[in-house]
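Inspection log for the structure reproduced underneath, given as structure tokens.
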Amino acid sequence: MQLHLSEDDVQFRGDLRAYFEAAPEELRAAVRSNRELSRDQVVEGMRFLNAAGLAVPHWPLDWGGRDWSPLRHHLWHLEVHRACLPRPSVLNGNLVGPVIFTFGNQGQKERFLPATANMDIWWCQGFSEPGSGSDLASVRTTATLDGDEFVVNGQKTWTTTADLADWIFLLVRTDPSVKKQRGISFLLADMRSPGITVRPIELIDGSHEVCDVFFDDVRVPANQLIGEMNRGWDYAKSLLGAERANTAPIGQTKRWLAQAKSELARAQEGAGPTLADPWVASRLADLENELAALELTLIRAQTDESDKDSSAVSILKLRATELEQAVSELLVDVVGARALLVGDPAVISPSWSTTSAPTYLNNRKASIYGGSSEVQRQIIAKSILGL
Amino acid sequence: MHVNTSVEDRALQDAIRTIYARANATSTHRRGAATDRTTRATFAALGDLGANALVLEGSSDVAHRGYAEAGIVAEELGRALAPEPWIETVLHAGTLLRELETARPERDVLISSIAGGRLVPGLAEVDALESAPTEATWSAGAWSLRGVKAPVAVAPELGTIVVAARTPGGTTGIFQVDPALDGIEVLRYRSFDTSTVCRITFEDAPAVPLTADGFDATPALARARAITRIALAREAVGIMDAALQRTTEYLRTRHQFGVPLSSFQALTFRAADMYVEVELSRSVVLWATMIADEEPTQVLDAAARAAAVATRACRHLSKEIVQMHGGLGITAEHPIAHHASRLLALGTLLGRREEHLDQLARSLTLYDTVELLT
């Protein structure tokens, strides 16, 4: 833990900030106003970063990564959100990308990695199934080898942006006769393959960000198998750790809170609670403080000199998602009954008034996805406390 | 979660642990079993080790003020559940004296004595009644004090009392009082966490001024309180570490219904929540310790941040560790109850969460986000 950045790191941060603030203003404005971004805007953001080699800095140097200290990766994360850039694709950059460069063959790396970094391919994650949520290893979507193709049958659910995606990475059962973890393979499939049907799922806030994906005798070339057959669970475990680490971006939550604070400071009395109300100020100060404690814990975890023990990641995911939800809850409390006026153009201040409740409802997912809070507690209890 | 510790820090840790291993040899836990004799001996051992000197005189290097070392001592005292109020006495009084921007020569002599371990101070800051502050008056060529201070934490050997008193000019001055003289009554009580706490009454008590006429010690008092709270929060982290370890051990070994308690997910999940609270507290307290040591101008807010997180953790854990031990958690004979009562006491010494949040709220509009790396 350190209080100050070295002069080099201050320069580093300044350079990032300068580049990020030069991003197209329309894009930054869309992010700043917390509007839902279009597919094109998300891609534009990733490509803006990738043009400067800043989209996937944690990847190997050969594939677009940077030789940065953990602290510099943290600074990059904070600056991306401070500049109101679209969040770099986690599915591409943190989930499937690392699996391909760690476990894929040279042909697969060349075919997929550059396109993944540049978001020429938009990936979605075919993991969860109706019968397999927390118990992911119980997946039943099958893949049977027929010549030089796998034939895939089954259903994936909860697949974020499957309706926008070009490709999907799948956990499939290739051997049903062995212990469940031993019969899973990791397969990449083109979403345009015949036999794939995507059905958006309406969420509690009215959005459709996740989908069901049905596989009906879908043929997938065998050279799209990553690594060895039936070793997929090992690859997935490494991916799940990365998912845990990336599911709650502190930088983004900090920005939301800063925005809320700034609006509440400018709000007019008589139009609802403002920063002048002690309870509002107190709760805001508390959330800022809790985020600071979490960020310090993240910095400790990143600069840990001992054997890299990933237990810290579970603390971070558990707590970060709670704080994310607490921010959306504070906004609902501030807005009060005007939160009911969803879609009413007459309600303009604070800016989040009519979206506060749908956002809160949508954010309930944060403690469920990426390994639910219950799973994180289980991991902490078992692997840290020995219970 | 791992904490990176330097070689020097580890040496200090080990030295304190050795002192406490010796002290604990005859009892399973210090609180409740400690006597005046053992407490005196341990205070002396800490002085002999040089812990006092390390913290109060360790460095004239402006960039490093000895509070990092104080934090290490504090955490180890907590881990050992030490009854010695080293933080509330040596550290708090010594820090106040150091924090005085200017002072009479007697102040330096006093710091030396405390640092050398030859004199154990009490710090009489809190008035028994806010509406009746302790007053210092000048008469016939001497200063004397009148008033009541309570609570004051003291060691068995109260060598000297450092007192904050209102002067005729309205400013707060710092005075030194010899408890052996007339006009000073020290009533000792054994508190709920087995600490010794006093009510000290001054009635025309002779006092030696440590600060000059007209000097206001209010800012120095605030900084010393902040630095001490950071150390108390560190003691709390040490206690919570030890308490959590005891609790998980209990869950693993205690059997009911033919299975260990760790079979019940309701309990293991609560243990996981405690672990998260402790790690979050540790992070912010370690950071605040660095601030105290390196960025003195920010220590008031840093203490508020650390205390806001730590008081909540203290309160939560003090309840949970008792609950998870069942009936044993409520008995005085079992160590865990003493962890719980000390955590409750520390919570009160750290100040109310509401007040810390109010303090932080006052500067909300001065910045966008909390910048931890500048």
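Chain labels follow the order of the structure tokens: the first chain is A, the next B, and so on; residue numbering restarts at 1 in every chain, and ligands are counted from 1 in their shown order.
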
Per DSSP on the backbone, filter region 63-215 of chain A down to the residues in strand (DSSP E) and report them as an MDAnalysis selection string. chainID A and resid 123:126 142:146 149:160 167:173 184:190 196:201 210:215

Chain B near chain A within 6 Å: what's each residue's closest atom pair and its distance in Å to one decimal, counting only C-alpha atoms, ordered by chain then ascending residue number, as a Markdown table?
```
| residue | atom | partner | partner_atom | distance |
| --- | --- | --- | --- | --- |
| B:Ser262 | CA | A:Leu387 | CA | 5.7 |
| B:Thr268 | CA | A:Ala381 | CA | 5.8 |
| B:Phe269 | CA | A:Arg377 | CA | 5.6 |
| B:Ala272 | CA | A:Ala381 | CA | 5.2 |
| B:Leu280 | CA | A:Ala293 | CA | 5.6 |
| B:Ser283 | CA | A:Thr297 | CA | 5.4 |
| B:Val284 | CA | A:Ala293 | CA | 5.2 |
| B:Leu357 | CA | A:Ser282 | CA | 5.5 |
| B:Asp358 | CA | A:Ser282 | CA | 6.0 |
| B:Ala361 | CA | A:Ala285 | CA | 5.4 |
| B:Asp368 | CA | A:Ala258 | CA | 5.3 |
| B:Thr369 | CA | A:Ala258 | CA | 5.9 |
| B:Leu373 | CA | A:His4 | CA | 5.1 |
| B:Thr374 | CA | A:His4 | CA | 4.8 |
```

Which of region 188-372 of chain A DSSP labels helix (DSSP H, G or I), written as a PyMOL selection string: chain A and resi 222-224+232-246+250-266+278-302+311-340+353-367

d(CA of Ala51 (chain B), CA of Ser6 (chain B)) in Å: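 CA of Ala51 (chain B) sits 16.8 Å away from CA of Ser6 (chain B).
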
Which distance in Å separates CA of Leu77 (chain B) and CA of Glu235 (chain B), to one decimal?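 Interatomic distance here is 6.3 Å.
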
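All residues of protein, DNA or RNA that reach within 9 Å of Ala53 (chain B), judged by only C-alpha atoms and not counting those fewer than 2 positions away in the chain, are Gly47, Leu49, Gly50, Ala51, Val55, Leu56, Glu57, Gly58, Ser112, Ile114, Ala115, Gly116 and Gly117 of chain B.
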
Please measure the separation of CA of His73 (chain A) and CA of Gln302 (chain A), giving the value in Å to one decimal.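 Those two atoms sit 9.4 Å apart.
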
With distances taken over only C-alpha atoms, which of B:Glu69, B:Val7, B:Leu317, B:Leu346 is nearest to Tyr275 (chain B)? B:Leu317

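Omitting Gln13 (chain B) and its sequence neighbours fewer than 2 positions away, and counting only C-alpha atoms, the residues within 10 Å are Thr5, Val7, Glu8, Asp9, Arg10, Ala11, Ala15, Ile16, Arg17, Thr18, Glu69, Ile72, Val73, Ala74, Glu75, Glu76 and Leu77 of chain B.
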
Given the selection you just returned, output its residues as a file containing C-alpha atoms, formatted as a PDB file, in the first residue's frame.
```
ATOM      1  CA  THR B   5       5.454  -6.628   6.251  1.00  0.00           C
ATOM      2  CA  VAL B   7      11.786  -7.088   8.085  1.00  0.00           C
ATOM      3  CA  GLU B   8      11.917  -4.365  10.732  1.00  0.00           C
ATOM      4  CA  ASP B   9       8.184  -4.456  11.289  1.00  0.00           C
ATOM      5  CA  ARG B  10       8.254  -8.225  11.654  1.00  0.00           C
ATOM      6  CA  ALA B  11      11.007  -7.909  14.235  1.00  0.00           C
ATOM      7  CA  ALA B  15       9.266  -8.849  20.067  1.00  0.00           C
ATOM      8  CA  ILE B  16       5.803  -7.824  21.257  1.00  0.00           C
ATOM      9  CA  ARG B  17       4.487 -11.341  20.757  1.00  0.00           C
ATOM     10  CA  THR B  18       7.326 -12.687  22.884  1.00  0.00           C
ATOM     11  CA  GLU B  69       5.435   1.479  14.606  1.00  0.00           C
ATOM     12  CA  ILE B  72       2.239  -2.493  14.899  1.00  0.00           C
ATOM     13  CA  VAL B  73       2.404  -2.366  18.697  1.00  0.00           C
ATOM     14  CA  ALA B  74      -1.317  -1.622  18.817  1.00  0.00           C
ATOM     15  CA  GLU B  75      -2.251  -4.539  16.593  1.00  0.00           C
ATOM     16  CA  GLU B  76      -0.176  -6.962  18.629  1.00  0.00           C
ATOM     17  CA  LEU B  77      -1.655  -5.703  21.890  1.00  0.00           C
TER      18      LEU B  77
END
```

Smallest atom-to-atom distance to Val309 (chain B): which of B:Leu364, B:Ile111, B:Ala233, B:Met290, using only C-alpha atoms? B:Ala233

Leaving out Asp182 (chain B) and any residue of its chain fewer than 4 positions from it, which residues lie within 10 Å of it when counting only C-alpha atoms, given as a PyMOL selection string? chain B and resi 178+202-206

Please provide as an mmCIF file with all heavy atoms, in the first residue's frame all residues within 8 Å of Val313 (chain A), with the sequence filter that same-chain residues fewer than 4 positions apart are discarded (counting only C-alpha atoms).
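What follows is the written file result27.cif:
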```
data_model
loop_
_atom_site.group_PDB
_atom_site.id
_atom_site.type_symbol
_atom_site.label_atom_id
_atom_site.label_comp_id
_atom_site.auth_asym_id
_atom_site.auth_seq_id
_atom_site.Cartn_x
_atom_site.Cartn_y
_atom_site.Cartn_z
ATOM 1 N N GLY A 241 -12.656 -17.197 -12.207
ATOM 2 C CA GLY A 241 -11.881 -16.331 -11.315
ATOM 3 C C GLY A 241 -11.774 -14.925 -11.883
ATOM 4 O O GLY A 241 -11.929 -13.941 -11.168
ATOM 5 N N ARG A 244 -15.099 -13.155 -11.561
ATOM 6 C CA ARG A 244 -15.277 -12.659 -10.202
ATOM 7 C C ARG A 244 -14.534 -11.341 -10.018
ATOM 8 O O ARG A 244 -15.009 -10.424 -9.381
ATOM 9 C CB ARG A 244 -14.681 -13.698 -9.251
ATOM 10 C CG ARG A 244 -15.464 -13.981 -7.999
ATOM 11 C CD ARG A 244 -14.864 -15.182 -7.279
ATOM 12 N NE ARG A 244 -15.134 -16.429 -7.948
ATOM 13 C CZ ARG A 244 -14.295 -17.466 -7.983
ATOM 14 N NH1 ARG A 244 -13.131 -17.412 -7.389
ATOM 15 N NH2 ARG A 244 -14.633 -18.570 -8.626
ATOM 16 N N ALA A 245 -13.333 -11.279 -10.586
ATOM 17 C CA ALA A 245 -12.482 -10.103 -10.382
ATOM 18 C C ALA A 245 -12.985 -8.894 -11.154
ATOM 19 O O ALA A 245 -12.642 -7.775 -10.836
ATOM 20 C CB ALA A 245 -11.046 -10.416 -10.802
ATOM 21 N N ALA A 301 -4.718 -6.285 -2.490
ATOM 22 C CA ALA A 301 -4.750 -7.584 -3.169
ATOM 23 C C ALA A 301 -3.842 -7.576 -4.399
ATOM 24 O O ALA A 301 -3.132 -8.542 -4.668
ATOM 25 C CB ALA A 301 -6.183 -7.932 -3.577
ATOM 26 N N LYS A 317 -15.671 -9.127 -4.995
ATOM 27 C CA LYS A 317 -16.915 -9.294 -5.743
ATOM 28 C C LYS A 317 -18.113 -9.149 -4.808
ATOM 29 O O LYS A 317 -19.066 -8.439 -5.100
ATOM 30 C CB LYS A 317 -16.945 -10.666 -6.429
ATOM 31 C CG LYS A 317 -17.923 -10.743 -7.604
ATOM 32 C CD LYS A 317 -19.295 -11.246 -7.217
ATOM 33 C CE LYS A 317 -20.299 -11.078 -8.367
ATOM 34 N NZ LYS A 317 -21.648 -11.517 -7.985
#
```

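Distance annotation: of B:Gly238, B:Pro133, B:Gly347, B:Pro219, the residue with the minimal separation from Leu286 (chain B) is B:Gly238; atom set is only C-alpha atoms.
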
Set the distance at 10 Å and use only C-alpha atoms: which residues neighbour Thr38 (chain B) once local chain neighbours fewer than 3 positions away are removed? I'd like the list as a PyMOL selection string. chain B and resi 23-24+30+33-35+41-44+83-84+156

Export, as a short mmCIF file (atom, residue, chain, number, x, y, z; two decimals), in the first residue's frame, the selected residues with C-alpha atoms.
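Contents of result.cif, freshly written:
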```
data_model
loop_
_atom_site.label_atom_id
_atom_site.label_comp_id
_atom_site.auth_asym_id
_atom_site.auth_seq_id
_atom_site.Cartn_x
_atom_site.Cartn_y
_atom_site.Cartn_z
CA ALA B 23 2.75 -12.78 30.11
CA ASN B 24 0.15 -15.27 28.94
CA ARG B 30 -5.10 -11.53 29.69
CA ALA B 33 -6.92 -12.68 34.56
CA ALA B 34 -4.50 -9.76 34.63
CA THR B 35 -3.38 -8.34 37.94
CA ALA B 41 5.59 -5.89 34.48
CA THR B 42 4.30 -5.83 30.93
CA PHE B 43 4.31 -2.04 30.78
CA ALA B 44 7.92 -2.13 31.93
CA PRO B 83 -5.13 -5.31 29.34
CA GLU B 84 -2.35 -2.71 29.27
CA PRO B 156 -1.59 0.67 37.75
#
```
